[in-house]
file protein.cif (mmCIF, C-alpha atoms and all ligand atoms)
data_input
loop_
_atom_site.label_atom_id
_atom_site.label_comp_id
_atom_site.auth_asym_id
_atom_site.auth_seq_id
_atom_site.Cartn_x
_atom_site.Cartn_y
_atom_site.Cartn_z
CA MET A 1 127.37 169.68 123.00
CA LEU A 2 130.51 170.15 120.90
CA GLU A 3 130.11 172.18 117.75
CA TYR A 4 131.99 171.17 114.64
CA LYS A 5 132.42 173.55 111.76
CA ASN A 6 132.86 172.40 108.23
CA LEU A 7 136.08 173.12 106.33
CA ARG A 8 134.83 176.31 104.69
CA GLU A 9 133.92 177.81 108.08
CA GLU A 10 136.91 176.39 109.95
CA ASP A 11 139.76 177.19 107.57
CA SER A 12 139.00 179.29 104.53
CA GLN A 13 142.63 179.27 103.34
CA ILE A 14 142.74 175.49 102.98
CA PHE A 15 139.16 175.42 101.65
CA ASP A 16 140.08 177.95 98.95
CA ALA A 17 143.23 176.01 98.06
CA VAL A 18 141.24 172.79 97.68
CA MET A 19 138.73 174.58 95.43
CA GLU A 20 141.56 176.07 93.39
CA GLU A 21 143.08 172.61 92.88
CA ALA A 22 139.66 171.20 91.94
CA ARG A 23 139.39 173.92 89.25
CA ARG A 24 142.90 173.17 88.01
CA GLN A 25 142.13 169.45 87.74
CA SER A 26 138.90 170.24 85.94
CA ASN A 27 140.35 172.73 83.43
CA GLU A 28 143.60 170.92 82.58
CA ILE A 29 144.61 167.65 80.95
CA GLU A 30 146.40 165.24 83.27
CA MET A 31 149.01 163.16 81.46
CA ILE A 32 151.28 162.20 84.34
CA ALA A 33 151.37 158.42 83.93
CA SER A 34 151.22 157.69 87.66
CA GLU A 35 148.18 159.88 88.36
CA ASN A 36 144.47 159.21 88.09
CA TYR A 37 141.12 160.44 89.44
CA VAL A 38 139.35 158.45 92.16
CA SER A 39 135.60 157.89 92.05
CA LYS A 40 133.25 159.86 94.29
CA ALA A 41 132.79 156.75 96.46
CA VAL A 42 136.55 156.33 96.98
CA LEU A 43 136.93 160.04 97.74
CA GLU A 44 134.06 159.94 100.22
CA THR A 45 135.47 156.90 102.04
CA MET A 46 138.80 158.66 102.62
CA GLY A 47 136.98 161.42 104.51
CA THR A 48 135.19 159.15 107.01
CA VAL A 49 135.50 158.64 110.78
CA LEU A 50 137.57 155.52 110.17
CA THR A 51 140.54 157.90 110.31
CA ASN A 52 139.99 158.20 114.10
CA LYS A 53 140.91 154.60 114.91
CA TYR A 54 144.10 152.84 115.99
CA SER A 55 144.25 149.19 114.96
CA GLU A 56 147.84 147.93 115.08
CA GLY A 57 147.86 144.26 114.19
CA TYR A 58 145.67 142.34 111.75
CA PRO A 59 141.95 141.38 111.63
CA THR A 60 140.96 139.60 114.90
CA LYS A 61 144.52 140.04 116.24
CA ARG A 62 144.77 143.71 117.26
CA TYR A 63 146.70 145.53 119.95
CA TYR A 64 143.77 147.93 120.62
CA GLY A 65 140.14 147.42 121.59
CA GLY A 66 137.12 148.50 119.56
CA ASN A 67 138.25 147.09 116.23
CA GLN A 68 135.23 144.95 115.33
CA VAL A 69 134.23 147.29 112.50
CA ILE A 70 137.78 147.87 111.30
CA ASP A 71 138.30 144.08 111.15
CA LYS A 72 135.32 143.78 108.79
CA VAL A 73 136.59 146.58 106.58
CA GLU A 74 140.15 145.28 106.36
CA GLN A 75 138.95 141.73 105.66
CA LEU A 76 136.76 143.01 102.82
CA ALA A 77 139.79 144.81 101.32
CA ILE A 78 141.89 141.63 101.61
CA ASP A 79 139.23 139.34 100.11
CA ARG A 80 138.55 141.69 97.18
CA ALA A 81 142.26 142.13 96.40
CA LYS A 82 142.76 138.34 96.47
CA LYS A 83 139.95 137.91 93.97
CA LEU A 84 141.13 140.76 91.76
CA PHE A 85 144.69 139.47 91.39
CA ASN A 86 144.20 135.77 92.08
CA ALA A 87 146.53 136.12 95.07
CA GLU A 88 147.12 133.58 97.85
CA HIS A 89 147.84 136.20 100.51
CA VAL A 90 147.36 139.99 100.65
CA ASN A 91 148.50 142.63 103.12
CA VAL A 92 146.55 145.87 102.54
CA GLN A 93 148.31 148.00 105.14
CA PRO A 94 151.39 149.48 103.35
CA LEU A 95 151.15 153.25 103.39
CA SER A 96 152.62 153.75 99.93
CA GLY A 97 154.83 152.23 97.23
CA SER A 98 158.31 152.75 98.68
CA PRO A 99 157.34 151.58 102.20
CA ALA A 100 155.74 148.51 100.60
CA ASN A 101 158.94 147.78 98.70
CA ALA A 102 160.97 148.31 101.89
CA ALA A 103 158.77 145.78 103.69
CA VAL A 104 159.31 143.25 100.88
CA TYR A 105 163.11 143.62 101.13
CA PHE A 106 163.00 143.47 104.96
CA SER A 107 160.94 140.30 104.85
CA LEU A 108 163.21 138.21 102.63
CA LEU A 109 166.69 139.84 102.70
CA ARG A 110 169.41 140.83 105.15
CA PRO A 111 171.23 144.16 104.75
CA GLY A 112 174.07 143.69 102.26
CA ASP A 113 172.32 140.93 100.30
CA LYS A 114 172.59 141.03 96.52
CA VAL A 115 169.55 142.14 94.51
CA LEU A 116 169.02 142.71 90.79
CA GLY A 117 166.73 145.50 89.50
CA LEU A 118 166.10 147.79 86.51
CA ARG A 119 168.16 151.02 86.42
CA LEU A 120 166.20 154.16 87.30
CA ASP A 121 167.29 156.06 84.19
CA HIS A 122 166.26 153.09 82.04
CA GLY A 123 162.72 153.16 83.44
CA GLY A 124 163.17 151.56 86.89
CA HIS A 125 162.29 153.13 90.25
CA LEU A 126 164.33 154.77 93.03
CA SER A 127 163.43 151.90 95.35
CA HIS A 128 164.83 149.34 92.89
CA GLY A 129 168.41 149.99 93.98
CA HIS A 130 169.29 153.61 93.25
CA PRO A 131 172.33 154.65 95.35
CA VAL A 132 170.54 157.67 96.94
CA ASN A 133 167.59 155.51 98.06
CA PHE A 134 167.39 153.19 101.12
CA SER A 135 167.33 150.25 98.70
CA GLY A 136 170.73 151.10 97.20
CA ILE A 137 172.15 152.05 100.61
CA LEU A 138 171.06 148.89 102.48
CA TYR A 139 171.37 146.25 99.78
CA SER A 140 173.97 145.40 97.19
CA PHE A 141 172.09 146.04 93.93
CA SER A 142 173.24 145.29 90.43
CA GLN A 143 171.16 146.75 87.65
CA TYR A 144 169.93 145.59 84.26
CA GLU A 145 169.15 148.01 81.44
CA VAL A 146 166.99 148.28 78.35
CA ASP A 147 168.61 147.49 75.02
CA SER A 148 169.93 150.69 73.40
CA LYS A 149 168.52 149.72 69.97
CA THR A 150 165.09 148.30 70.84
CA GLY A 151 164.41 150.19 74.09
CA LYS A 152 163.18 146.87 75.53
CA ILE A 153 164.52 144.67 78.34
CA ASN A 154 166.81 142.03 76.86
CA MET A 155 166.14 138.88 78.90
CA GLU A 156 169.40 137.23 77.76
CA LYS A 157 171.30 140.16 79.31
CA VAL A 158 169.25 139.86 82.51
CA ARG A 159 170.21 136.18 82.65
CA GLU A 160 173.90 136.95 82.07
CA ILE A 161 173.97 139.45 84.96
CA ALA A 162 171.99 137.10 87.20
CA LEU A 163 174.38 134.20 86.53
CA LYS A 164 177.37 136.44 87.25
CA GLU A 165 175.98 138.23 90.35
CA LYS A 166 173.89 135.42 91.85
CA PRO A 167 171.37 137.81 93.51
CA LYS A 168 169.15 136.66 96.37
CA MET A 169 166.22 138.53 94.80
CA ILE A 170 165.29 139.70 91.30
CA VAL A 171 163.02 142.75 91.00
CA ALA A 172 160.90 143.15 87.87
CA GLY A 173 158.91 146.34 87.55
CA PHE A 174 159.24 149.94 86.47
CA SER A 175 158.00 153.49 86.53
CA ALA A 176 158.82 154.49 82.95
CA TYR A 177 158.80 151.39 80.73
CA SER A 178 156.11 150.87 78.14
CA ARG A 179 156.38 147.17 77.32
CA GLU A 180 154.92 143.93 78.66
CA ILE A 181 157.21 142.24 81.22
CA GLU A 182 158.20 138.62 80.55
CA TRP A 183 157.26 137.37 84.04
CA GLN A 184 157.79 133.70 83.22
CA LYS A 185 161.31 134.34 81.86
CA PHE A 186 162.21 136.34 84.97
CA LYS A 187 160.98 133.43 87.10
CA GLU A 188 163.05 130.91 85.12
CA ILE A 189 166.19 133.02 85.54
CA ALA A 190 165.48 133.45 89.27
CA ASP A 191 165.02 129.69 89.66
CA GLU A 192 168.31 129.08 87.86
CA VAL A 193 170.21 131.21 90.38
CA GLY A 194 168.05 130.48 93.45
CA ALA A 195 166.65 134.03 93.76
CA TYR A 196 163.31 135.24 95.10
CA THR A 197 161.09 136.95 92.54
CA PHE A 198 159.58 140.34 93.37
CA ALA A 199 157.23 142.12 90.94
CA ASP A 200 156.55 145.83 91.46
CA ILE A 201 153.39 146.35 89.40
CA ALA A 202 152.59 149.84 90.75
CA HIS A 203 152.07 151.32 87.30
CA THR A 204 150.12 148.57 85.60
CA ALA A 205 148.12 147.04 88.49
CA GLY A 206 144.79 148.25 87.10
CA LEU A 207 145.56 146.89 83.64
CA ILE A 208 146.62 143.56 85.16
CA ALA A 209 143.56 143.40 87.43
CA ALA A 210 141.37 143.96 84.36
CA GLY A 211 143.09 141.10 82.51
CA GLU A 212 144.51 143.44 79.88
CA MET A 213 148.14 142.71 80.78
CA ALA A 214 149.87 139.55 82.02
CA ASN A 215 149.52 138.86 85.76
CA PRO A 216 152.70 137.92 87.67
CA THR A 217 150.79 136.97 90.85
CA PRO A 218 150.49 133.24 90.09
CA ILE A 219 154.16 133.14 89.01
CA PHE A 220 156.14 135.41 91.36
CA ASP A 221 156.90 135.00 95.07
CA VAL A 222 155.94 138.55 96.06
CA ILE A 223 154.08 141.34 94.26
CA ALA A 224 153.66 144.91 95.47
CA THR A 225 151.61 147.71 94.00
CA THR A 226 150.46 151.18 94.82
CA THR A 227 146.69 151.54 94.71
CA HIS A 228 146.39 155.04 93.22
CA LYS A 229 147.67 154.71 89.65
CA THR A 230 145.88 152.63 86.99
CA LEU A 231 144.03 150.89 89.84
CA ARG A 232 142.24 154.20 90.57
CA GLY A 233 142.13 153.84 94.34
CA PRO A 234 143.34 156.01 97.23
CA ARG A 235 147.03 156.78 97.74
CA GLY A 236 148.51 153.67 99.33
CA ALA A 237 149.83 150.21 98.51
CA ILE A 238 149.33 146.49 99.04
CA ILE A 239 151.64 143.47 99.05
CA MET A 240 150.60 140.08 97.68
CA CYS A 241 152.52 136.85 98.03
CA LYS A 242 152.48 133.08 98.03
CA GLU A 243 151.12 131.64 101.28
CA GLU A 244 154.62 130.44 102.30
CA PHE A 245 155.81 134.07 102.60
CA ALA A 246 152.65 135.42 104.27
CA SER A 247 153.90 135.49 107.83
CA LYS A 248 157.24 137.10 106.88
CA ILE A 249 155.51 139.78 104.79
CA ASP A 250 152.95 140.57 107.51
CA LYS A 251 155.66 140.82 110.18
CA ALA A 252 157.78 143.07 107.96
CA VAL A 253 154.85 145.49 107.43
CA PHE A 254 153.80 145.47 111.09
CA PRO A 255 155.66 145.63 113.47
CA GLY A 256 158.71 145.76 111.15
CA MET A 257 158.00 148.93 109.16
CA GLN A 258 154.79 150.57 110.32
CA GLY A 259 152.58 151.25 113.32
CA GLY A 260 148.85 151.79 113.02
CA PRO A 261 147.32 151.23 109.58
CA HIS A 262 145.35 154.04 107.93
CA ASP A 263 141.91 152.46 108.23
CA HIS A 264 140.05 155.14 106.24
CA ILE A 265 142.47 154.55 103.36
CA ASN A 266 142.21 150.77 103.64
CA ALA A 267 138.42 151.12 103.44
CA ALA A 268 138.86 153.26 100.31
CA LYS A 269 141.14 150.55 98.88
CA ALA A 270 138.28 148.06 99.44
CA VAL A 271 135.91 150.37 97.53
CA ALA A 272 138.39 150.75 94.66
CA PHE A 273 138.84 146.95 94.48
CA LYS A 274 135.06 146.53 94.27
CA GLU A 275 135.00 149.03 91.41
CA ALA A 276 137.86 147.22 89.67
CA LEU A 277 135.99 143.91 89.95
CA ASP A 278 133.08 145.44 88.01
CA PRO A 279 133.05 144.52 84.28
CA SER A 280 133.08 148.25 83.36
CA PHE A 281 136.63 148.47 84.72
CA LYS A 282 137.78 146.10 81.97
CA ASP A 283 136.41 148.53 79.36
CA TYR A 284 138.28 151.33 81.10
CA ALA A 285 141.59 149.41 81.11
CA LYS A 286 141.17 148.46 77.43
CA GLN A 287 140.59 152.10 76.51
CA VAL A 288 143.64 153.24 78.54
CA ILE A 289 145.81 150.98 76.35
CA ILE A 290 144.07 151.94 73.08
CA ASN A 291 144.58 155.62 73.97
CA ALA A 292 148.27 155.05 74.77
CA LYS A 293 148.85 153.25 71.46
CA ILE A 294 147.23 156.14 69.55
CA LEU A 295 149.28 158.58 71.60
CA ALA A 296 152.52 156.81 70.59
CA GLN A 297 151.54 156.65 66.93
CA GLU A 298 150.53 160.32 66.79
CA PHE A 299 153.86 161.39 68.30
CA ILE A 300 155.74 159.22 65.81
CA ASN A 301 153.66 160.71 62.95
CA SER A 302 154.57 164.19 64.21
CA GLY A 303 158.32 163.44 64.05
CA TYR A 304 159.14 162.50 67.64
CA ARG A 305 161.23 159.54 68.76
CA VAL A 306 159.15 157.31 71.04
CA ILE A 307 161.33 155.01 73.19
CA SER A 308 160.85 151.36 72.13
CA GLY A 309 158.74 152.56 69.18
CA GLY A 310 155.36 152.21 70.92
CA THR A 311 153.64 150.83 73.98
CA ASP A 312 151.85 147.81 75.44
CA ASN A 313 150.53 149.67 78.48
CA HIS A 314 149.37 153.11 79.63
CA LEU A 315 152.53 155.16 79.09
CA ILE A 316 155.14 156.25 76.61
CA VAL A 317 158.49 158.00 76.97
CA VAL A 318 159.19 160.52 74.21
CA ASP A 319 162.61 161.95 73.35
CA MET A 320 161.75 165.66 73.15
CA THR A 321 165.19 166.59 71.83
CA SER A 322 163.91 165.30 68.47
CA LYS A 323 162.05 168.66 68.43
CA GLY A 324 164.85 170.75 69.95
CA VAL A 325 163.64 170.99 73.57
CA THR A 326 164.63 169.11 76.72
CA GLY A 327 162.14 167.25 78.88
CA LYS A 328 162.13 170.03 81.47
CA GLU A 329 161.52 172.72 78.84
CA ALA A 330 158.68 170.66 77.37
CA GLU A 331 157.18 170.11 80.85
CA ILE A 332 157.10 173.91 81.43
CA ILE A 333 155.74 174.75 77.96
CA LEU A 334 152.95 172.18 78.38
CA GLU A 335 152.16 173.28 81.93
CA ASN A 336 151.59 176.76 80.53
CA VAL A 337 148.95 175.47 78.10
CA GLY A 338 147.20 173.35 80.75
CA ILE A 339 148.72 169.92 80.10
CA SER A 340 150.51 168.26 83.06
CA VAL A 341 153.36 165.87 82.24
CA SER A 342 156.53 164.67 83.96
CA ARG A 343 160.00 164.99 82.50
CA SER A 344 161.85 161.69 82.23
CA THR A 345 165.28 160.36 81.42
CA ILE A 346 165.60 158.35 78.24
CA PRO A 347 167.89 155.28 78.13
CA ASN A 348 171.56 156.40 78.02
CA ASP A 349 170.43 160.02 78.37
CA PRO A 350 173.19 162.51 77.57
CA ASN A 351 171.36 165.10 79.71
CA PRO A 352 171.22 165.20 83.55
CA PRO A 353 168.18 163.85 85.54
CA MET A 354 166.94 167.36 86.53
CA ASN A 355 166.89 168.38 82.86
CA PRO A 356 166.60 165.09 80.97
CA SER A 357 165.80 164.57 77.29
CA GLY A 358 162.41 162.93 77.64
CA VAL A 359 158.85 163.35 78.79
CA ARG A 360 156.69 160.50 80.12
CA PHE A 361 153.08 160.72 78.94
CA GLY A 362 150.27 158.56 80.33
CA THR A 363 146.61 157.96 79.53
CA PRO A 364 145.01 156.64 82.79
CA ALA A 365 143.60 159.98 83.99
CA LEU A 366 142.28 161.34 80.70
CA THR A 367 140.66 157.96 80.00
CA SER A 368 138.88 158.15 83.40
CA ARG A 369 137.26 161.36 82.09
CA GLY A 370 135.98 159.49 79.04
CA MET A 371 138.46 160.81 76.48
CA LYS A 372 139.08 158.48 73.53
CA GLU A 373 141.04 158.27 70.27
CA ASP A 374 139.75 161.57 68.77
CA GLU A 375 140.61 163.54 71.89
CA VAL A 376 144.08 161.93 72.10
CA LYS A 377 144.78 162.93 68.48
CA LYS A 378 143.78 166.53 69.25
CA ILE A 379 145.95 166.54 72.38
CA VAL A 380 149.07 165.42 70.49
CA ALA A 381 148.42 168.07 67.82
CA TRP A 382 148.20 170.75 70.55
CA ILE A 383 151.33 169.44 72.29
CA ASN A 384 153.24 169.52 69.02
CA ARG A 385 151.97 173.00 68.16
CA ALA A 386 152.93 174.27 71.63
CA ILE A 387 156.44 172.82 71.35
CA GLU A 388 156.94 174.18 67.83
CA ASN A 389 155.62 177.63 68.83
CA LYS A 390 157.11 177.82 72.30
CA ALA A 391 157.99 181.53 71.94
CA ASP A 392 154.67 182.63 70.42
CA GLU A 393 152.47 183.79 73.30
CA ASN A 394 149.37 184.22 71.17
CA LYS A 395 149.56 180.67 69.81
CA LEU A 396 150.16 179.28 73.32
CA LYS A 397 147.16 181.21 74.66
CA GLU A 398 145.01 179.86 71.84
CA ILE A 399 146.09 176.27 72.65
CA LYS A 400 145.37 176.79 76.35
CA GLU A 401 141.83 177.90 75.49
CA LYS A 402 141.27 174.85 73.29
CA VAL A 403 142.54 172.57 76.07
CA ARG A 404 140.18 174.17 78.59
CA ASP A 405 137.19 174.04 76.22
CA MET A 406 137.70 170.32 75.67
CA CYS A 407 138.24 169.65 79.40
CA LEU A 408 134.91 171.26 80.22
CA LYS A 409 133.19 168.59 78.10
CA PHE A 410 134.75 165.72 80.11
CA SER A 411 134.12 165.92 83.84
CA VAL A 412 136.58 164.67 86.45
CA PRO A 413 134.98 161.60 88.11
CA SER A 414 135.63 162.76 91.68
CA LEU A 415 134.13 166.24 91.15
N1 LIG B 1 156.36 158.69 91.54
C1 LIG B 1 155.82 157.55 90.85
C2 LIG B 1 155.82 157.77 89.37
O1 LIG B 1 155.58 158.88 88.95
O2 LIG B 1 156.01 156.83 88.62
C3 LIG B 1 156.51 156.30 91.19
O3 LIG B 1 156.68 156.21 92.55
#
call {"tool": "encode", "arguments": {"input": "protein.cif", "output": "structure tokens"}}
result
Amino acid sequence: MLEYKNLREEDSQIFDAVMEEARRQSNEIEMIASENYVSKAVLETMGTVLTNKYSEGYPTKRYYGGNQVIDKVEQLAIDRAKKLFNAEHVNVQPLSGSPANAAVYFSLLRPGDKVLGLRLDHGGHLSHGHPVNFSGILYSFSQYEVDSKTGKINMEKVREIALKEKPKMIVAGFSAYSREIEWQKFKEIADEVGAYTFADIAHTAGLIAAGEMANPTPIFDVIATTTHKTLRGPRGAIIMCKEEFASKIDKAVFPGMQGGPHDHINAAKAVAFKEALDPSFKDYAKQVIINAKILAQEFINSGYRVISGGTDNHLIVVDMTSKGVTGKEAEIILENVGISVSRSTIPNDPNPPMNPSGVRFGTPALTSRGMKEDEVKKIVAWINRAIENKADENKLKEIKEKVRDMCLKFSVPSL
């Protein structure tokens, strides 16, 4: 009889580190816009024996035996995702956001093909054509920007670039943009130049699934999303598409990009999709947006410049130089009082990417703990006080205590 020890007995160093991280998550406010807390059920599913299986291929068409159970699990994930997003076809196997995007490009483009995407320092993503990323290395990207006055995407400019460049694909999506995307206008421009449409909804997938933001799935050719942001699932991704692209997408994911899928994660995706189909998820998504709008307004009231003047989703980008600190300085000051944020470039940033002018703040995680308008107002007041008193250790200590006291009243769902 084999004897298995649990983690605490087997490896106390990793056990202690996990406990330390659990305490950190519990005692601090998470405002990184791409992070969230999974439910206990999602967390539990990730730690199951499904991790032991190899299942290259797709349900009922595998390259390994013994996949009857895995087939059921993967099919459940597919069916739930289809329902959630009103999608014709779903592939639930992508390991994360960038590999999903790579599979989308591999499926419909040849190396060197022209693509149009949003610039990284205007809110786009590395995998939308940045020169240091595979996307910018393999494909010939041109980039659109946000308008320097409004901070919003100017669709006339997108059209101008598309007519000039004639891309084979147009990418709409972002990692630091706070406004609704005009999916239909993107589609019209793509049709005018004969381009495929690809929506990367990684940040807003949960808000879209809940019906709180516009859904590109019925409009666009291909849609990819991570599953761990507003969607509140495990780390991973899915790709959705029109039926006519299904075979190309599936082949690009496996065998094109990946080997065996992570079945324990795909099962956890299925659980997260079930949770997102529950009416309570709509209330959650609504509150995420309400909290973000309050967040923007409170920063504006406290004298900060908020890019685009507000938000339609779960995030805002704030120009911290309006209070005499860079984004990196603000990130460190706030980390020291127990508030996690990520520095961010602002459009046409005069400062370099490692020390940019802005900070991106998001509300998905704090809303999962049950925090609402009153808590958000307190948080902005503490952030402002910390920034204005960055050299006063006593004041910073006092703020850290207030942050921890409030956190203890709002438990982390997975703990
Ligand atoms: N790293 C993610 C984010 O923070 O937005 C995107 O991949």
call {"tool": "residues_near_ligand", "arguments": {"input": "protein.cif", "ligand": "ligand LIG 1 (chain B)", "cutoff": "12 Å", "atoms": "all atoms listed in the file", "output": "MDAnalysis selection string"}}
result
chainID A and resid 31:36 96:101 120 123:128 173:177 200:204 225:230 235:237 314:315 317 341:344 359:362
call {"tool": "closest_residue", "arguments": {"input": "protein.cif", "among": "A:Arg80, A:Arg385, A:Lys328, A:Lys168", "to": "Ile399 in chain A", "atoms": "only C-alpha atoms"}}
result
A:Arg385
call {"tool": "residues_around", "arguments": {"input": "protein.cif", "residues": "Leu396 in chain A", "least_positions_apart": "5", "cutoff": "12 Å", "atoms": "all atoms listed in the file", "output": "PyMOL selection string"}}
result
chain A and resi 332-339+382-391+401-403
call {"tool": "closest_residue", "arguments": {"input": "protein.cif", "among": "A:Ile78, A:Ala102, A:Pro234, A:Ile307", "to": "Asn133 in chain A", "atoms": "only C-alpha atoms"}}
result
A:Ala102
call {"tool": "residues_near_point", "arguments": {"input": "protein.cif", "point": "(142.8, 148.4, 102.1)", "cutoff": "6 Å", "atoms": "only C-alpha atoms", "output": "short mmCIF file (atom, residue, chain, number, x, y, z; two decimals) with C-alpha atoms, in the coordinates of the input"}}
result
data_model
loop_
_atom_site.label_atom_id
_atom_site.label_comp_id
_atom_site.auth_asym_id
_atom_site.auth_seq_id
_atom_site.Cartn_x
_atom_site.Cartn_y
_atom_site.Cartn_z
CA GLU A 74 140.15 145.28 106.36
CA ALA A 77 139.79 144.81 101.32
CA VAL A 92 146.55 145.87 102.54
CA ASN A 266 142.21 150.77 103.64
CA ALA A 267 138.42 151.12 103.44
CA LYS A 269 141.14 150.55 98.88
CA ALA A 270 138.28 148.06 99.44
#
call {"tool": "atom_distance", "arguments": {"input": "protein.cif", "atom1": "CA of Thr51 in chain A", "atom2": "CA of Asp263 in chain A"}}
result
6.0 Å
call {"tool": "closest_residue", "arguments": {"input": "protein.cif", "among": "A:Leu415, A:Leu95, A:Ile181, A:Ile249", "to": "Ala41 in chain A", "atoms": "all atoms listed in the file"}}
result
A:Leu415
call {"tool": "residues_around", "arguments": {"input": "protein.cif", "residues": "Pro111 in chain A", "least_positions_apart": "4", "cutoff": "9 Å", "atoms": "only C-alpha atoms", "output": "list in words"}}
result
Tyr105, Phe106, Ile137, Leu138, Tyr139 and Ser140 of chain A
call {"tool": "residues_around", "arguments": {"input": "protein.cif", "residues": "Asn291 in chain A", "least_positions_apart": "6", "cutoff": "8 Å", "atoms": "all atoms listed in the file", "output": "number ranges by chain"}}
result
A: 314, 363, 367, 372-373, 376
call {"tool": "atom_distance", "arguments": {"input": "protein.cif", "atom1": "CA of Tyr37 in chain A", "atom2": "CA of Val288 in chain A"}}
result
13.3 Å
call {"tool": "atom_distance", "arguments": {"input": "protein.cif", "atom1": "CA of Pro167 in chain A", "atom2": "CA of Gly194 in chain A"}}
result
8.0 Å
call {"tool": "residues_around", "arguments": {"input": "protein.cif", "residues": "Leu277 in chain A", "least_positions_apart": "3", "cutoff": "9 Å", "atoms": "only C-alpha atoms", "output": "PyMOL selection string"}}
result
chain A and resi 80+83-84+209-210+272-274+280-282
call {"tool": "closest_residue", "arguments": {"input": "protein.cif", "among": "A:Met169, A:Ala252, A:Leu50, A:Leu116", "to": "Lys157 in chain A", "atoms": "only C-alpha atoms"}}
result
A:Leu116
call {"tool": "closest_residue", "arguments": {"input": "protein.cif", "among": "A:Ile153, A:Cys407, A:Ala246, A:Ile290", "to": "Glu88 in chain A", "atoms": "all atoms listed in the file"}}
result
A:Ala246
call {"tool": "build_atoms", "arguments": {"input": "protein.cif", "residues": "range 176-187 of chain A", "atoms": "N, CA and C atoms", "output": "PDB file, in the frame of the given file"}}
result
ATOM      1  N   ALA A 176     158.845 153.831  84.272  1.00  0.00           N
ATOM      2  CA  ALA A 176     158.820 154.490  82.950  1.00  0.00           C
ATOM      3  C   ALA A 176     159.241 153.494  81.873  1.00  0.00           C
ATOM      4  N   TYR A 177     158.504 152.410  81.743  1.00  0.00           N
ATOM      5  CA  TYR A 177     158.800 151.390  80.730  1.00  0.00           C
ATOM      6  C   TYR A 177     157.465 151.006  80.100  1.00  0.00           C
ATOM      7  N   SER A 178     157.426 150.966  78.778  1.00  0.00           N
ATOM      8  CA  SER A 178     156.110 150.870  78.140  1.00  0.00           C
ATOM      9  C   SER A 178     155.799 149.479  77.565  1.00  0.00           C
ATOM     10  N   ARG A 179     156.602 148.496  77.928  1.00  0.00           N
ATOM     11  CA  ARG A 179     156.380 147.170  77.320  1.00  0.00           C
ATOM     12  C   ARG A 179     155.938 146.126  78.331  1.00  0.00           C
ATOM     13  N   GLU A 180     155.328 145.073  77.829  1.00  0.00           N
ATOM     14  CA  GLU A 180     154.920 143.930  78.660  1.00  0.00           C
ATOM     15  C   GLU A 180     156.184 143.347  79.301  1.00  0.00           C
ATOM     16  N   ILE A 181     156.068 142.869  80.529  1.00  0.00           N
ATOM     17  CA  ILE A 181     157.210 142.240  81.220  1.00  0.00           C
ATOM     18  C   ILE A 181     157.082 140.723  81.042  1.00  0.00           C
ATOM     19  N   GLU A 182     158.221 140.086  80.743  1.00  0.00           N
ATOM     20  CA  GLU A 182     158.200 138.620  80.550  1.00  0.00           C
ATOM     21  C   GLU A 182     158.343 137.934  81.906  1.00  0.00           C
ATOM     22  N   TRP A 183     157.231 137.880  82.656  1.00  0.00           N
ATOM     23  CA  TRP A 183     157.260 137.370  84.040  1.00  0.00           C
ATOM     24  C   TRP A 183     157.833 135.960  84.102  1.00  0.00           C
ATOM     25  N   GLN A 184     157.377 135.103  83.183  1.00  0.00           N
ATOM     26  CA  GLN A 184     157.790 133.700  83.220  1.00  0.00           C
ATOM     27  C   GLN A 184     159.307 133.579  83.015  1.00  0.00           C
ATOM     28  N   LYS A 185     159.847 134.399  82.100  1.00  0.00           N
ATOM     29  CA  LYS A 185     161.310 134.340  81.860  1.00  0.00           C
ATOM     30  C   LYS A 185     162.069 134.816  83.085  1.00  0.00           C
ATOM     31  N   PHE A 186     161.563 135.876  83.738  1.00  0.00           N
ATOM     32  CA  PHE A 186     162.210 136.340  84.970  1.00  0.00           C
ATOM     33  C   PHE A 186     162.216 135.216  86.008  1.00  0.00           C
ATOM     34  N   LYS A 187     161.106 134.510  86.105  1.00  0.00           N
ATOM     35  CA  LYS A 187     160.980 133.430  87.100  1.00  0.00           C
ATOM     36  C   LYS A 187     161.991 132.312  86.785  1.00  0.00           C
TER      37      LYS A 187
END
